[in-house]
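Trainee: Below is final20.cif; it holds mmCIF, C-alpha atoms.
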data_protein
loop_
_atom_site.group_PDB
_atom_site.id
_atom_site.type_symbol
_atom_site.label_atom_id
_atom_site.label_comp_id
_atom_site.auth_asym_id
_atom_site.auth_seq_id
_atom_site.Cartn_x
_atom_site.Cartn_y
_atom_site.Cartn_z
ATOM 1 C CA MET T 225 -19.669 41.737 -80.946
ATOM 2 C CA LYS T 226 -17.601 39.390 -78.753
ATOM 3 C CA SER T 227 -14.640 41.731 -79.132
ATOM 4 C CA ILE T 228 -16.724 44.733 -78.024
ATOM 5 C CA LEU T 229 -17.725 42.818 -74.892
ATOM 6 C CA VAL T 230 -14.070 41.958 -74.202
ATOM 7 C CA SER T 231 -13.195 45.668 -74.578
ATOM 8 C CA PHE T 232 -15.916 46.670 -72.130
ATOM 9 C CA MET T 233 -14.982 43.967 -69.582
ATOM 10 C CA SER T 234 -11.282 44.802 -69.954
ATOM 11 C CA GLY T 235 -12.084 48.441 -69.239
ATOM 12 C CA ILE T 236 -13.887 47.439 -66.041
ATOM 13 C CA VAL T 237 -11.050 45.154 -64.878
ATOM 14 C CA PHE T 238 -8.483 47.829 -65.757
ATOM 15 C CA ALA T 239 -10.350 50.454 -63.699
ATOM 16 C CA VAL T 240 -10.785 48.137 -60.706
ATOM 17 C CA GLY T 241 -7.068 47.280 -60.926
ATOM 18 C CA LEU T 242 -6.199 50.988 -60.901
ATOM 19 C CA GLY T 243 -8.427 51.530 -57.856
ATOM 20 C CA VAL T 244 -7.161 48.493 -55.931
ATOM 21 C CA GLY T 245 -3.567 49.393 -56.794
ATOM 22 C CA GLY T 246 -3.843 52.973 -55.520
ATOM 23 C CA MET T 247 -3.468 54.755 -58.867
ATOM 24 C CA THR T 248 -6.762 56.662 -58.434
ATOM 25 C CA GLN T 249 -5.436 58.385 -55.271
ATOM 26 C CA PRO T 250 -3.400 61.459 -56.297
ATOM 27 C CA ALA T 251 -1.706 61.557 -52.867
ATOM 28 C CA LYS T 252 -0.395 58.051 -53.517
ATOM 29 C CA VAL T 253 0.888 58.953 -56.991
ATOM 30 C CA VAL T 254 2.580 62.070 -55.627
ATOM 31 C CA GLY T 255 4.001 59.938 -52.790
ATOM 32 C CA PHE T 256 5.519 57.568 -55.334
ATOM 33 C CA LEU T 257 7.097 60.477 -57.229
ATOM 34 C CA ASP T 258 8.363 62.179 -54.043
ATOM 35 C CA PHE T 259 11.817 60.604 -53.953
ATOM 36 C CA ALA T 260 13.170 63.461 -51.803
ATOM 37 C CA GLY T 261 10.386 63.192 -49.231
ATOM 38 C CA ASN T 262 8.288 60.473 -47.607
ATOM 39 C CA TRP T 263 8.658 58.066 -50.549
ATOM 40 C CA ASP T 264 5.853 55.510 -51.056
ATOM 41 C CA PRO T 265 7.091 52.767 -53.417
ATOM 42 C CA SER T 266 3.627 51.137 -53.736
ATOM 43 C CA LEU T 267 3.052 52.123 -57.345
ATOM 44 C CA ALA T 268 6.229 50.330 -58.384
ATOM 45 C CA PHE T 269 4.364 47.177 -57.315
ATOM 46 C CA VAL T 270 1.462 48.081 -59.617
ATOM 47 C CA MET T 271 3.908 48.249 -62.519
ATOM 48 C CA LEU T 272 5.638 45.067 -61.380
ATOM 49 C CA GLY T 273 2.349 43.126 -61.298
ATOM 50 C CA ALA T 274 1.096 44.521 -64.598
ATOM 51 C CA ILE T 275 4.356 44.027 -66.489
ATOM 52 C CA GLY T 276 4.898 40.574 -64.952
ATOM 53 C CA VAL T 277 1.512 39.306 -66.127
ATOM 54 C CA HIS T 278 1.445 41.094 -69.474
ATOM 55 C CA SER T 279 4.959 40.093 -70.534
ATOM 56 C CA LEU T 280 4.026 36.423 -69.976
ATOM 57 C CA PHE T 281 0.858 36.699 -72.085
ATOM 58 C CA TYR T 282 2.736 38.685 -74.732
ATOM 59 C CA ARG T 283 5.120 35.745 -75.153
ATOM 60 C CA MET T 284 2.096 33.524 -75.890
ATOM 61 C CA LEU T 285 1.051 35.858 -78.685
ATOM 62 C CA ARG T 286 4.365 36.309 -80.406
ATOM 63 C CA ASN T 287 4.018 33.359 -82.774
ATOM 64 C CA ARG T 288 0.418 34.107 -83.720
ATOM 65 C CA SER T 289 -0.489 36.050 -86.843
ATOM 66 C CA SER T 290 -3.929 37.102 -85.583
ATOM 67 C CA SER T 291 -5.831 37.372 -82.294
ATOM 68 C CA ARG T 292 -8.069 34.639 -80.824
ATOM 69 C CA PHE T 293 -11.021 36.388 -82.448
ATOM 70 C CA SER T 294 -9.099 36.322 -85.767
ATOM 71 C CA LEU T 295 -8.540 40.078 -85.642
ATOM 72 C CA ALA T 296 -5.370 41.760 -86.862
ATOM 73 C CA ILE T 297 -2.753 42.328 -84.175
ATOM 74 C CA SER T 298 -1.673 45.960 -84.210
ATOM 75 C CA LEU T 299 1.638 46.407 -82.430
ATOM 76 C CA PRO T 300 3.710 49.592 -82.622
ATOM 77 C CA SER T 301 6.809 49.151 -84.764
ATOM 78 C CA ARG T 302 8.575 52.414 -84.027
ATOM 79 C CA THR T 303 11.987 52.291 -82.414
ATOM 80 C CA GLU T 304 13.345 55.838 -82.745
ATOM 81 C CA ILE T 305 14.036 57.953 -79.670
ATOM 82 C CA ASP T 306 13.080 61.357 -81.072
ATOM 83 C CA SER T 307 12.235 64.820 -79.766
ATOM 84 C CA ARG T 308 8.511 64.016 -79.812
ATOM 85 C CA LEU T 309 8.978 61.021 -77.521
ATOM 86 C CA ILE T 310 11.149 63.036 -75.139
ATOM 87 C CA GLY T 311 9.188 66.322 -75.207
ATOM 88 C CA GLY T 312 5.833 64.567 -74.961
ATOM 89 C CA SER T 313 7.001 62.424 -72.057
ATOM 90 C CA VAL T 314 8.389 65.458 -70.199
ATOM 91 C CA THR T 315 5.080 67.328 -70.680
ATOM 92 C CA PHE T 316 3.029 64.304 -69.627
ATOM 93 C CA GLY T 317 5.284 63.635 -66.614
ATOM 94 C CA LEU T 318 5.109 67.243 -65.353
ATOM 95 C CA GLY T 319 1.300 67.191 -65.571
ATOM 96 C CA TRP T 320 1.201 63.776 -63.876
ATOM 97 C CA GLY T 321 3.327 65.066 -60.982
ATOM 98 C CA ILE T 322 1.242 68.217 -60.515
ATOM 99 C CA ALA T 323 -2.246 66.661 -60.771
ATOM 100 C CA GLY T 324 -1.479 63.124 -59.568
ATOM 101 C CA TYR T 325 -3.483 61.512 -62.382
ATOM 102 C CA CYS T 326 -2.402 59.716 -65.524
ATOM 103 C CA PRO T 327 -5.039 59.050 -68.235
ATOM 104 C CA GLY T 328 -6.538 55.743 -66.989
ATOM 105 C CA PRO T 329 -7.124 56.868 -63.409
ATOM 106 C CA ALA T 330 -8.420 60.249 -64.633
ATOM 107 C CA LEU T 331 -11.131 58.576 -66.753
ATOM 108 C CA THR T 332 -11.951 56.085 -63.993
ATOM 109 C CA SER T 333 -12.311 58.980 -61.534
ATOM 110 C CA LEU T 334 -14.998 60.609 -63.701
ATOM 111 C CA ALA T 335 -17.281 58.252 -61.750
ATOM 112 C CA SER T 336 -16.008 59.462 -58.368
ATOM 113 C CA GLY T 337 -18.018 62.665 -58.226
ATOM 114 C CA ASN T 338 -14.895 64.448 -56.968
ATOM 115 C CA SER T 339 -14.792 67.862 -58.680
ATOM 116 C CA SER T 340 -10.963 68.028 -58.715
ATOM 117 C CA ALA T 341 -10.806 64.664 -60.496
ATOM 118 C CA VAL T 342 -13.434 65.769 -63.012
ATOM 119 C CA ILE T 343 -11.462 68.980 -63.789
ATOM 120 C CA VAL T 344 -8.311 66.942 -64.496
ATOM 121 C CA SER T 345 -10.178 64.402 -66.591
ATOM 122 C CA VAL T 346 -12.031 66.931 -68.750
ATOM 123 C CA ALA T 347 -8.829 68.956 -69.294
ATOM 124 C CA MET T 348 -6.964 65.750 -70.157
ATOM 125 C CA ILE T 349 -9.576 64.744 -72.734
ATOM 126 C CA ALA T 350 -9.270 68.274 -74.177
ATOM 127 C CA GLY T 351 -5.480 67.812 -74.442
ATOM 128 C CA ILE T 352 -5.890 64.453 -76.194
ATOM 129 C CA PHE T 353 -8.553 65.777 -78.584
ATOM 130 C CA ALA T 354 -6.465 68.894 -79.358
ATOM 131 C CA PHE T 355 -3.713 66.608 -80.621
ATOM 132 C CA ASP T 356 -5.976 64.215 -82.492
ATOM 133 C CA LEU T 357 -8.188 66.853 -84.125
ATOM 134 C CA ARG T 358 -5.051 68.418 -85.546
ATOM 135 C CA ARG T 359 -3.872 64.958 -86.659
ATOM 136 C CA VAL T 360 -7.170 64.157 -88.393
ATOM 137 C CA LEU T 361 -7.457 67.579 -90.052
ATOM 138 C CA SER T 362 -3.881 67.546 -91.367
ATOM 139 C CA ALA T 363 -4.384 63.991 -92.666
ATOM 140 C CA ARG T 364 -7.460 65.212 -94.591
ATOM 141 C CA GLU T 365 -5.520 68.118 -96.093
ATOM 142 C CA VAL T 366 -2.807 65.730 -97.163
ATOM 143 C CA SER T 367 -5.308 63.329 -98.744
ATOM 144 C CA THR T 368 -7.126 66.094 -100.649
ATOM 145 C CA GLU T 369 -3.769 67.160 -102.070
ATOM 146 C CA ASN T 370 -3.526 63.566 -103.268
ATOM 147 C CA THR T 371 -0.177 62.854 -101.691
ATOM 148 C CA SER T 372 0.766 60.086 -99.292
ATOM 149 C CA GLY T 373 -1.070 60.209 -95.954
ATOM 150 C CA GLN T 374 0.551 60.742 -92.621
ATOM 151 C CA VAL T 375 1.063 57.524 -90.723
ATOM 152 C CA THR T 376 0.733 57.600 -86.980
ATOM 153 C CA GLU T 377 0.948 54.623 -84.716
ATOM 154 C CA ASP T 378 -0.753 54.565 -81.383
ATOM 155 C CA MET T 379 0.596 52.749 -78.415
ATOM 156 C CA MET M 44 6.451 54.754 -45.701
ATOM 157 C CA GLU M 45 3.341 54.497 -43.465
ATOM 158 C CA ASN M 46 1.105 54.388 -46.548
ATOM 159 C CA PHE M 47 3.024 51.542 -48.219
ATOM 160 C CA THR M 48 0.555 49.025 -49.746
ATOM 161 C CA PRO M 49 2.670 46.461 -51.625
ATOM 162 C CA VAL M 50 0.111 43.606 -51.632
ATOM 163 C CA ALA M 51 -2.901 45.680 -52.780
ATOM 164 C CA SER M 52 -0.753 47.444 -55.374
ATOM 165 C CA LEU M 53 0.618 44.150 -56.698
ATOM 166 C CA MET M 54 -2.947 42.761 -56.933
ATOM 167 C CA GLY M 55 -4.108 45.891 -58.751
ATOM 168 C CA GLY M 56 -1.178 45.592 -61.131
ATOM 169 C CA ILE M 57 -2.038 41.959 -61.874
ATOM 170 C CA LEU M 58 -5.618 42.999 -62.769
ATOM 171 C CA ILE M 59 -4.251 45.700 -65.095
ATOM 172 C CA GLY M 60 -1.915 43.134 -66.682
ATOM 173 C CA LEU M 61 -4.807 40.692 -67.209
ATOM 174 C CA SER M 62 -6.928 43.428 -68.788
ATOM 175 C CA ALA M 63 -4.149 44.497 -71.156
ATOM 176 C CA SER M 64 -3.521 40.826 -72.022
ATOM 177 C CA ALA M 65 -7.195 40.177 -72.834
ATOM 178 C CA MET M 66 -7.197 43.220 -75.139
ATOM 179 C CA LEU M 67 -4.128 41.946 -76.966
ATOM 180 C CA LEU M 68 -4.902 38.200 -77.120
ATOM 181 C CA PHE M 69 -8.589 38.501 -78.073
ATOM 182 C CA ASN M 70 -8.769 41.850 -79.856
ATOM 183 C CA GLY M 71 -5.191 42.373 -81.037
ATOM 184 C CA LYS M 72 -5.167 45.840 -79.470
ATOM 185 C CA ILE M 73 -2.750 47.639 -77.166
ATOM 186 C CA ALA M 74 -4.427 48.827 -73.948
ATOM 187 C CA GLY M 75 -2.907 52.313 -74.125
ATOM 188 C CA ILE M 76 -5.476 54.648 -72.624
ATOM 189 C CA SER M 77 -4.416 57.925 -74.255
ATOM 190 C CA GLY M 78 -4.239 56.280 -77.700
ATOM 191 C CA ILE M 79 -7.621 54.592 -77.253
ATOM 192 C CA VAL M 80 -9.237 57.939 -76.375
ATOM 193 C CA GLY M 81 -7.385 59.820 -79.141
ATOM 194 C CA GLY M 82 -8.664 57.370 -81.774
ATOM 195 C CA LEU M 83 -12.235 58.343 -80.871
ATOM 196 C CA VAL M 84 -11.742 61.611 -82.747
ATOM 197 C CA ASP M 85 -11.955 59.968 -86.164
ATOM 198 C CA LEU M 86 -15.154 57.956 -86.398
ATOM 199 C CA LYS M 87 -14.386 54.771 -88.321
ATOM 200 C CA LYS M 88 -16.252 51.571 -88.911
ATOM 201 C CA ASN M 89 -14.788 48.676 -86.888
ATOM 202 C CA ASP M 90 -12.654 51.071 -84.870
ATOM 203 C CA THR M 91 -14.758 53.490 -82.842
ATOM 204 C CA LEU M 92 -16.968 50.986 -81.021
ATOM 205 C CA TRP M 93 -14.249 48.986 -79.239
ATOM 206 C CA ARG M 94 -12.619 52.234 -78.084
ATOM 207 C CA ALA M 95 -15.899 53.592 -76.721
ATOM 208 C CA ALA M 96 -16.612 50.217 -75.051
ATOM 209 C CA PHE M 97 -13.226 50.219 -73.300
ATOM 210 C CA VAL M 98 -13.636 53.806 -72.056
ATOM 211 C CA GLY M 99 -17.214 52.977 -70.996
ATOM 212 C CA GLY M 100 -15.780 50.008 -69.089
ATOM 213 C CA LEU M 101 -13.268 52.259 -67.327
ATOM 214 C CA VAL M 102 -16.000 54.619 -66.151
ATOM 215 C CA THR M 103 -18.251 51.666 -65.195
ATOM 216 C CA GLY M 104 -15.332 50.251 -63.194
ATOM 217 C CA GLY M 105 -15.106 53.662 -61.558
ATOM 218 C CA PHE M 106 -18.743 53.401 -60.463
ATOM 219 C CA ILE M 107 -18.100 49.906 -59.083
ATOM 220 C CA LEU M 108 -15.179 51.314 -57.057
ATOM 221 C CA ARG M 109 -17.327 54.205 -55.842
ATOM 222 C CA LEU M 110 -19.938 51.711 -54.660
ATOM 223 C CA PHE M 111 -17.706 49.138 -52.968
ATOM 224 C CA ALA M 112 -14.459 50.997 -52.201
ATOM 225 C CA PRO M 113 -15.046 54.764 -52.162
ATOM 226 C CA GLN M 114 -11.726 55.272 -50.355
ATOM 227 C CA ALA M 115 -10.080 54.445 -53.713
ATOM 228 C CA PHE M 116 -10.950 58.009 -54.774
ATOM 229 C CA GLU M 117 -9.392 59.821 -51.821
ATOM 230 C CA PHE M 118 -7.818 62.962 -53.294
ATOM 231 C CA GLY M 119 -5.407 63.796 -50.457
ATOM 232 C CA ILE M 120 -3.471 66.715 -51.986
ATOM 233 C CA VAL M 121 -4.058 70.470 -52.223
ATOM 234 C CA ARG M 122 -4.369 71.812 -55.785
ATOM 235 C CA SER M 123 -6.149 74.837 -57.279
ATOM 236 C CA GLY M 124 -8.615 74.374 -60.119
ATOM 237 C CA GLY M 125 -6.293 76.220 -62.498
ATOM 238 C CA ALA M 126 -3.324 73.993 -61.672
ATOM 239 C CA LEU M 127 -5.474 70.888 -62.153
ATOM 240 C CA ALA M 128 -6.825 72.095 -65.504
ATOM 241 C CA LEU M 129 -3.372 72.981 -66.828
ATOM 242 C CA ALA M 130 -1.839 69.743 -65.542
ATOM 243 C CA GLY M 131 -4.686 67.666 -66.973
ATOM 244 C CA PHE M 132 -4.244 69.271 -70.379
ATOM 245 C CA MET M 133 -0.480 68.579 -70.227
ATOM 246 C CA VAL M 134 -1.157 64.929 -69.327
ATOM 247 C CA GLY M 135 -3.431 64.437 -72.334
ATOM 248 C CA LEU M 136 -1.420 66.384 -74.894
ATOM 249 C CA GLY M 137 1.984 65.114 -73.722
ATOM 250 C CA ALA M 138 0.878 61.483 -73.754
ATOM 251 C CA ARG M 139 -0.423 61.801 -77.332
ATOM 252 C CA VAL M 140 2.713 63.586 -78.568
ATOM 253 C CA ALA M 141 4.830 60.820 -76.991
ATOM 254 C CA ASN M 142 2.469 58.159 -78.435
ATOM 255 C CA GLY M 143 1.781 56.672 -75.036
ATOM 256 C CA CYS M 144 1.324 57.111 -71.311
ATOM 257 C CA THR M 145 1.706 54.984 -68.189
ATOM 258 C CA SER M 146 -0.361 52.191 -69.757
ATOM 259 C CA GLY M 147 0.843 52.246 -73.370
ATOM 260 C CA HIS M 148 4.546 52.787 -72.673
ATOM 261 C CA GLY M 149 4.793 51.929 -68.966
ATOM 262 C CA VAL M 150 2.927 48.614 -69.020
ATOM 263 C CA CYS M 151 2.378 47.416 -72.598
ATOM 264 C CA GLY M 152 5.612 48.753 -74.102
ATOM 265 C CA ILE M 153 7.898 47.629 -71.303
ATOM 266 C CA SER M 154 6.247 44.177 -71.403
ATOM 267 C CA ARG M 155 7.416 43.927 -75.035
ATOM 268 C CA PHE M 156 10.875 45.129 -73.952
ATOM 269 C CA SER M 157 10.529 48.174 -76.236
ATOM 270 C CA VAL M 158 13.522 50.468 -75.654
ATOM 271 C CA ARG M 159 11.414 53.441 -76.804
ATOM 272 C CA SER M 160 8.863 52.694 -74.088
ATOM 273 C CA ILE M 161 11.518 52.184 -71.416
ATOM 274 C CA VAL M 162 13.032 55.581 -72.327
ATOM 275 C CA ALA M 163 9.589 57.253 -72.259
ATOM 276 C CA THR M 164 8.787 55.715 -68.875
ATOM 277 C CA VAL M 165 12.086 56.801 -67.309
ATOM 278 C CA ILE M 166 11.534 60.335 -68.679
ATOM 279 C CA PHE M 167 7.948 60.753 -67.455
ATOM 280 C CA ILE M 168 8.782 59.377 -64.011
ATOM 281 C CA ALA M 169 11.763 61.771 -63.816
ATOM 282 C CA ALA M 170 9.617 64.718 -64.982
ATOM 283 C CA GLY M 171 6.902 63.750 -62.497
ATOM 284 C CA ALA M 172 9.487 63.568 -59.711
ATOM 285 C CA ALA M 173 10.793 67.018 -60.703
ATOM 286 C CA ALA M 174 7.276 68.485 -60.587
ATOM 287 C CA VAL M 175 6.612 66.874 -57.194
ATOM 288 C CA TYR M 176 9.951 68.145 -55.885
ATOM 289 C CA VAL M 177 9.033 71.713 -56.820
ATOM 290 C CA VAL M 178 5.482 71.471 -55.475
ATOM 291 C CA ASN M 179 6.236 69.580 -52.257
ATOM 292 C CA HIS M 180 9.633 70.939 -51.291
ATOM 293 C CA LEU M 181 9.751 74.457 -52.761
ATOM 294 C CA LEU M 182 6.068 75.473 -52.711
ATOM 295 C CA GLY M 183 5.029 73.743 -49.485
ATOM 296 C CA GLY M 184 2.749 71.160 -51.127
ATOM 297 C CA ILE M 185 0.220 73.655 -52.505
ATOM 298 C CA ILE M 186 -0.183 74.813 -56.084
#
In structure tokens, what does this structure look like?
Mentor:
Amino acid sequence: MKSILVSFMSGIVFAVGLGVGGMTQPAKVVGFLDFAGNWDPSLAFVMLGAIGVHSLFYRMLRNRSSSRFSLAISLPSRTEIDSRLIGGSVTFGLGWGIAGYCPGPALTSLASGNSSAVIVSVAMIAGIFAFDLRRVLSAREVSTENTSGQVTEDM
Amino acid sequence: MENFTPVASLMGGILIGLSASAMLLFNGKIAGISGIVGGLVDLKKNDTLWRAAFVGGLVTGGFILRLFAPQAFEFGIVRSGGALALAGFMVGLGARVANGCTSGHGVCGISRFSVRSIVATVIFIAAGAAAVYVVNHLLGGII
């Protein structure tokens, strides 16, 4: 139960951080990506702050075998640069540049009451679920055929 | 650069970093938004609840912003509903295919010095810049 509370509180802090940092304003995201125009480097400072803090805490965790709540630590182990990583990132990046929302700010903006934000967020959830429904269904097919299951690792 | 907000953006980033760190240190989980949402599709004991709680926290945080800082939701660009729907779908699908988005690769992955995440981040920023170039400089800022 403690871990569920930490998840909920972390979600709140994450959303407030996105809002304070400017990530929930599409014009600001587009401004950051507009290198040929009136470039606004603000969002680089969001990344700087987040990576600065998180890389320090990550160092604290490296020698631990489980979390402070004695839960398993699930870190991605993949290293390959494959067509999925590249194609997925291109698709995500194009959508991000057009709409001005990445997933966290889109979900946070569900609370904004702004219809444009809600359209992006609902469509984004549909895109995520399209992928994961296919993943779950194909994993079931594989398991009913009694062969080894597909292993996917989430970031 | 009249909209440059380095201090607020740095503060926001620090909050995001603290949130991601709490998820990892206490729960052993990566705060990758697209992956957290995607995992909601298969209902599993000891897995679904923390995901739902995090997403619920995001939306609750959104309501807190709406209450105390509604300017955080200023839209500020001109986009048709169709463009937004298509782009939103691409954001969700692309992030899942790439196994991560701005949070999973851009923050958590880079913090672990993962080359895969650094490559993904460079690619999605470049693709985003290409899309913005087309929209802002070839289409006059409207799509």
Trainee: Might you pull out every residue within 7 Å of Met66 in chain M, with only C-alpha atoms counted and same-chain residues fewer than 6 positions away left off, and present them as a VMD selection string?
Mentor: (chain T and resid 231 234) or (chain M and resid 72 to 74)
Trainee: Could you tell me, as an NGL selection string, exactly which residues end up selected when the PyMOL selection byres ((chain M and resi 162-175) around 9) is applied to this structure?
Mentor: (:T and (254-260 or 305 or 309-310 or 312-322 or 324)) or (:M and (141 or 143-145 or 148-149 or 153 or 157-161 or 176-180 or 184))
Trainee: Would you save the residues from that selection as a PDB file, in the coordinates of the input, using C-alpha atoms?
Mentor:
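The file below, out-v6.pdb, is the result:
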ATOM      1  CA  VAL T 254       2.580  62.070 -55.627  1.00  0.00           C
ATOM      2  CA  GLY T 255       4.001  59.938 -52.790  1.00  0.00           C
ATOM      3  CA  PHE T 256       5.519  57.568 -55.334  1.00  0.00           C
ATOM      4  CA  LEU T 257       7.097  60.477 -57.229  1.00  0.00           C
ATOM      5  CA  ASP T 258       8.363  62.179 -54.043  1.00  0.00           C
ATOM      6  CA  PHE T 259      11.817  60.604 -53.953  1.00  0.00           C
ATOM      7  CA  ALA T 260      13.170  63.461 -51.803  1.00  0.00           C
ATOM      8  CA  ILE T 305      14.036  57.953 -79.670  1.00  0.00           C
ATOM      9  CA  LEU T 309       8.978  61.021 -77.521  1.00  0.00           C
ATOM     10  CA  ILE T 310      11.149  63.036 -75.139  1.00  0.00           C
ATOM     11  CA  GLY T 312       5.833  64.567 -74.961  1.00  0.00           C
ATOM     12  CA  SER T 313       7.001  62.424 -72.057  1.00  0.00           C
ATOM     13  CA  VAL T 314       8.389  65.458 -70.199  1.00  0.00           C
ATOM     14  CA  THR T 315       5.080  67.328 -70.680  1.00  0.00           C
ATOM     15  CA  PHE T 316       3.029  64.304 -69.627  1.00  0.00           C
ATOM     16  CA  GLY T 317       5.284  63.635 -66.614  1.00  0.00           C
ATOM     17  CA  LEU T 318       5.109  67.243 -65.353  1.00  0.00           C
ATOM     18  CA  GLY T 319       1.300  67.191 -65.571  1.00  0.00           C
ATOM     19  CA  TRP T 320       1.201  63.776 -63.876  1.00  0.00           C
ATOM     20  CA  GLY T 321       3.327  65.066 -60.982  1.00  0.00           C
ATOM     21  CA  ILE T 322       1.242  68.217 -60.515  1.00  0.00           C
ATOM     22  CA  GLY T 324      -1.479  63.124 -59.568  1.00  0.00           C
TER      23      GLY T 324
ATOM     24  CA  ALA M 141       4.830  60.820 -76.991  1.00  0.00           C
ATOM     25  CA  GLY M 143       1.781  56.672 -75.036  1.00  0.00           C
ATOM     26  CA  CYS M 144       1.324  57.111 -71.311  1.00  0.00           C
ATOM     27  CA  THR M 145       1.706  54.984 -68.189  1.00  0.00           C
ATOM     28  CA  HIS M 148       4.546  52.787 -72.673  1.00  0.00           C
ATOM     29  CA  GLY M 149       4.793  51.929 -68.966  1.00  0.00           C
ATOM     30  CA  ILE M 153       7.898  47.629 -71.303  1.00  0.00           C
ATOM     31  CA  SER M 157      10.529  48.174 -76.236  1.00  0.00           C
ATOM     32  CA  VAL M 158      13.522  50.468 -75.654  1.00  0.00           C
ATOM     33  CA  ARG M 159      11.414  53.441 -76.804  1.00  0.00           C
ATOM     34  CA  SER M 160       8.863  52.694 -74.088  1.00  0.00           C
ATOM     35  CA  ILE M 161      11.518  52.184 -71.416  1.00  0.00           C
ATOM     36  CA  TYR M 176       9.951  68.145 -55.885  1.00  0.00           C
ATOM     37  CA  VAL M 177       9.033  71.713 -56.820  1.00  0.00           C
ATOM     38  CA  VAL M 178       5.482  71.471 -55.475  1.00  0.00           C
ATOM     39  CA  ASN M 179       6.236  69.580 -52.257  1.00  0.00           C
ATOM     40  CA  HIS M 180       9.633  70.939 -51.291  1.00  0.00           C
ATOM     41  CA  GLY M 184       2.749  71.160 -51.127  1.00  0.00           C
TER      42      GLY M 184
END
Trainee: Starting from the shown file, work through the PyMOL selection byres ((chain T and resi 283-299) around 7) and note down what comes out as a count of residues only.
Mentor: 12
Trainee: Using all atoms listed in the file, which of the listed residues (T:Arg358, T:Gly328, T:Val342, T:Ser307) sits closest to chain M?
Mentor: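 Going through T:Arg358, T:Gly328, T:Val342, T:Ser307 one by one, the smallest distance to chain M is for T:Gly328.
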Trainee: In Å, how far is it from CA of Thr332 in chain T to CA of Gln114 in chain M?
Mentor: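 These atoms are spaced 13.7 Å apart.
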Trainee: Applying 12 Å and only C-alpha atoms, which residues near range 81-92 of chain M remain after dropping the ones on its own chain fewer than 3 positions away? List them as an mmCIF file with C-alpha atoms, keeping the file's coordinate frame.
Mentor:
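Output below, filename result32.cif:
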data_model
loop_
_atom_site.group_PDB
_atom_site.id
_atom_site.type_symbol
_atom_site.label_atom_id
_atom_site.label_comp_id
_atom_site.auth_asym_id
_atom_site.auth_seq_id
_atom_site.Cartn_x
_atom_site.Cartn_y
_atom_site.Cartn_z
ATOM 1 C CA MET T 225 -19.669 41.737 -80.946
ATOM 2 C CA LYS T 226 -17.601 39.390 -78.753
ATOM 3 C CA SER T 227 -14.640 41.731 -79.132
ATOM 4 C CA ILE T 228 -16.724 44.733 -78.024
ATOM 5 C CA LEU T 229 -17.725 42.818 -74.892
ATOM 6 C CA VAL T 230 -14.070 41.958 -74.202
ATOM 7 C CA SER T 231 -13.195 45.668 -74.578
ATOM 8 C CA PHE T 232 -15.916 46.670 -72.130
ATOM 9 C CA LEU T 295 -8.540 40.078 -85.642
ATOM 10 C CA ALA T 296 -5.370 41.760 -86.862
ATOM 11 C CA PRO T 327 -5.039 59.050 -68.235
ATOM 12 C CA MET T 348 -6.964 65.750 -70.157
ATOM 13 C CA ILE T 349 -9.576 64.744 -72.734
ATOM 14 C CA ALA T 350 -9.270 68.274 -74.177
ATOM 15 C CA GLY T 351 -5.480 67.812 -74.442
ATOM 16 C CA ILE T 352 -5.890 64.453 -76.194
ATOM 17 C CA PHE T 353 -8.553 65.777 -78.584
ATOM 18 C CA ALA T 354 -6.465 68.894 -79.358
ATOM 19 C CA PHE T 355 -3.713 66.608 -80.621
ATOM 20 C CA ASP T 356 -5.976 64.215 -82.492
ATOM 21 C CA LEU T 357 -8.188 66.853 -84.125
ATOM 22 C CA ARG T 358 -5.051 68.418 -85.546
ATOM 23 C CA ARG T 359 -3.872 64.958 -86.659
ATOM 24 C CA VAL T 360 -7.170 64.157 -88.393
ATOM 25 C CA LEU T 361 -7.457 67.579 -90.052
ATOM 26 C CA ALA T 363 -4.384 63.991 -92.666
ATOM 27 C CA ARG T 364 -7.460 65.212 -94.591
ATOM 28 C CA THR T 376 0.733 57.600 -86.980
ATOM 29 C CA GLU T 377 0.948 54.623 -84.716
ATOM 30 C CA ASP T 378 -0.753 54.565 -81.383
ATOM 31 C CA MET T 379 0.596 52.749 -78.415
ATOM 32 C CA ASN M 70 -8.769 41.850 -79.856
ATOM 33 C CA LYS M 72 -5.167 45.840 -79.470
ATOM 34 C CA GLY M 75 -2.907 52.313 -74.125
ATOM 35 C CA ILE M 76 -5.476 54.648 -72.624
ATOM 36 C CA SER M 77 -4.416 57.925 -74.255
ATOM 37 C CA GLY M 78 -4.239 56.280 -77.700
ATOM 38 C CA ALA M 95 -15.899 53.592 -76.721
ATOM 39 C CA ALA M 96 -16.612 50.217 -75.051
ATOM 40 C CA PHE M 97 -13.226 50.219 -73.300
ATOM 41 C CA VAL M 98 -13.636 53.806 -72.056
ATOM 42 C CA GLY M 99 -17.214 52.977 -70.996
ATOM 43 C CA GLY M 135 -3.431 64.437 -72.334
ATOM 44 C CA LEU M 136 -1.420 66.384 -74.894
ATOM 45 C CA ALA M 138 0.878 61.483 -73.754
ATOM 46 C CA ARG M 139 -0.423 61.801 -77.332
ATOM 47 C CA VAL M 140 2.713 63.586 -78.568
ATOM 48 C CA ASN M 142 2.469 58.159 -78.435
ATOM 49 C CA GLY M 143 1.781 56.672 -75.036
#
Trainee: Record the distance separating CA of Gly245 in chain T and CA of Ser339 in chain T, expressed in Å with one decimal.
Mentor: 21.7 Å
Trainee: Tell me which residues come within 6 Å of (-7.2, 65.6, -66.7), as a list of chain:residue names, counting only C-alpha atoms in the file's coordinates.
Mentor: T:Ala330, T:Val344, T:Ser345, T:Val346, T:Ala347, T:Met348, M:Gly131, M:Phe132
Trainee: Give as a list of chain:residue names each residue that has an atom at most 6 Å from (-8.6, 58.1, -58.2) in the file, counting all atoms listed in the file.
Mentor: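 I get T:Thr248, T:Gln249, T:Pro329, T:Ser333, M:Ala115, M:Phe116 for the residues within 6 Å of that point.
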